[in-house]
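Worksheet: one structure, shown below.
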Amino acid sequence: MKFALFSLVMNIRNAVTGETLTTQEKFQNILQQAIYAEKLGFDAYGIGERHGPPFLSSSPAVLLTAIASHTSRIRLLTTVTVLSVLDPVRVAEDYATLDHLSGGRLELIIGKGNDPRHYPLFGIKEEEQWDSLAERYALLKRLWSEENVSWDGKYRPPLREVTILPRPLQSSIPIWHGSASSPLSTELAAQYGEPIFSSNTFHPLPKYKALIDHYRERWAYYGHDPKHAVVGAGAGTLYLAKTTEEAIRRYRPYYEAFHSTDSAKHNQSPFTSLEDNLANGPLLVGSPERVIEKILTYQAAYGHQVMSISVDGLTEAEQREQMAWFAAEVAPVLRREIASSVWSA
C-alpha cells in the first residue's frame with residue numbers, strides 16, 4: 001500500500017490550546033508539513049480545493065507550486081480540483097505549469113466537490129454540476145493531449161484552433177476521479193479508464209463500497225482489463241496513542257470542534273458520536289495495532305492500493321507526532337501486507 005497526506009488547509013481555533021493561526025502561519029504550517037511528509041517517506045501530498053471558511057485552500061495550484069520548490073520526490077496531488085466550476089483552459093495552463101515546476105510529479109484528482117458554496121461563486125447551478133463536470137473534463141483532456149483544439153459547449157465560450165502553453169511535462173498527467181456520493185463520478189472514471197479516489201470520510205463503509213463496486217462493474221462494461229482498475233481511499237482524521245483509550249481521550253476535543261463547523265454540518269454525518277464513528281465509520285483513532293486492523297478491514301472491502309490520511313486541525317507538534325508515528329508503526333506493516341502498483345517507479 002502507498003500513502004498520501006492530504007490537507008484541506010482548515011484553519012479553526014485549536015480545540016485544546018485555544019490558538020488560531022494567522023493565514024500566513026497556516027500556510028507555513030502546510031509547507032513544513034509537506035516537507036516533513038517527504039522526509040518520513042510518504043508517497044504523496046495533496047491539497048484539496050475549497051472556497052469558503054474554515055478552509056484556506058482556494059488555490060491548490062499555488063500551494064502545490066510552493067511545496068514543489070521545497071521537495072524533490074513526493075508526488076503532488078489535488079484533492080480535489082473542483083472542475084465542475086472551473087475554466088478548463090485555466091486549469092490546463094495552471095497545472096501544466098505546475099507539472100514543469102515540480103519536475104513531473106503532479107497528479108490531479110477531479111470532482112464536483114462536496115461544498116455547495118462554490119456554485120454561486122462561479123455561476124453554476126447545483127443541478128448542473130454533473131453535466132458541467134463531464135463537459136469540462138472532456139475539454140481538459142483534449143487541451144492536454146491535442147493542439148489546435150476547436151470546441152463548442154455549454155459552460156464556456158467556443159474555442160477555435162487553441163493550443164495551450166506550456167504543454168505538460170509528463171506525456172500524460174495522471175487523473176484520478178474523486179468519488180464520494182454518486183455513481184456518476186465512478187461512471188465517468190470507468191468510461192475513461194482512469195482510477196478513482198474514494199472519499200471514505202463521512203459515511204459508513206457500505207456506501208463507499210457500493211460506489212467502488214459500481215466502478216469495477218462499469219470498468220468491465222467498457223472493456224477494460226479488471227486488473228488495471230485502481231482504487232484509492234481516504235480515511236477519517238488520524239490520531240494514534242499507546243492505547244486506544246488514550247487516543248480517544250486526546251482526540252475528543254478535536255472531534256467535537258470539527259463537527260461544530262458549518263462545513264461539517266453540511267456533510268450531514270450519520271454518526272451520532274465519536275464512539276459511533278469509531279465503531280461504524282472511517283476514523284483512525286486508537287493504538288497502532290487497532291488502526292492497522294481497521295485499515296485492513298476497509299482494504300478487504302475496497303481493494304484500494306493507496307490510502308490518504310489527514311492531521312488537519314491538530315497542534316503543529318501533534319501533527320508531526322502523528323505523522324512520525326504513522327510512518328514508523330503503521331505504514332511499514334501495511335506496505336508489507338498490501339501490494340500496490342501505483343507510483344512504483
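Residues are named by chain letter and number: chains run A, B, ... in the order of the C-alpha cells, numbers start at 1 in each chain, and ligands are numbered from 1 in the order shown.
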Set the distance at 12 Å and use only C-alpha atoms: which residues neighbour segment 278-281 of chain A once local chain neighbours fewer than 3 positions away are removed? I'd like the list as a VMD selection string. chain A and resid 200 to 208 234 to 239 244 to 245 247 to 248 251 to 252 255 269 to 275 284 to 286 290 to 291 294 to 295 297 to 298
Leaving out Ile175 of chain A and any residue of its chain fewer than 4 positions from it, which residues lie within 6 Å of it when counting only C-alpha atoms, given as a list in words?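 Those residues are Glu107, Leu108 and Ile109 of chain A.
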Would you export the selected residues with C-alpha atoms as a tab-separated table (two decimals), in the first residue's frame, please?
```
chain	number	residue	atom	x	y	z
A	107	GLU	CA	-1.45	14.22	-10.38
A	108	LEU	CA	-5.00	15.59	-10.39
A	109	ILE	CA	-8.00	14.27	-8.52
```
Selection: 10 Å around Pro166 of chain A, only C-alpha atoms, excl. self and same-chain fewer than 4 positions, as a list in words: Ala92, Glu93, Asp94, Tyr95, Ala96, Thr97, Leu98, Asp99, His100 and Trp144 of chain A
What does the structure give for the distance between atom CA of Leu83 of chain A and atom CA of Glu25 of chain A, in Å to one decimal?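 Spanning atom CA of Leu83 of chain A to atom CA of Glu25 of chain A is a straight-line distance of 28.3 Å.
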Extract the full set of helix (DSSP H, G or I) residues from segment 198-269 of chain A according to DSSP on the backbone, and format it as a PyMOL selection string. chain A and resi 205-221+226-228+244-258+262-267
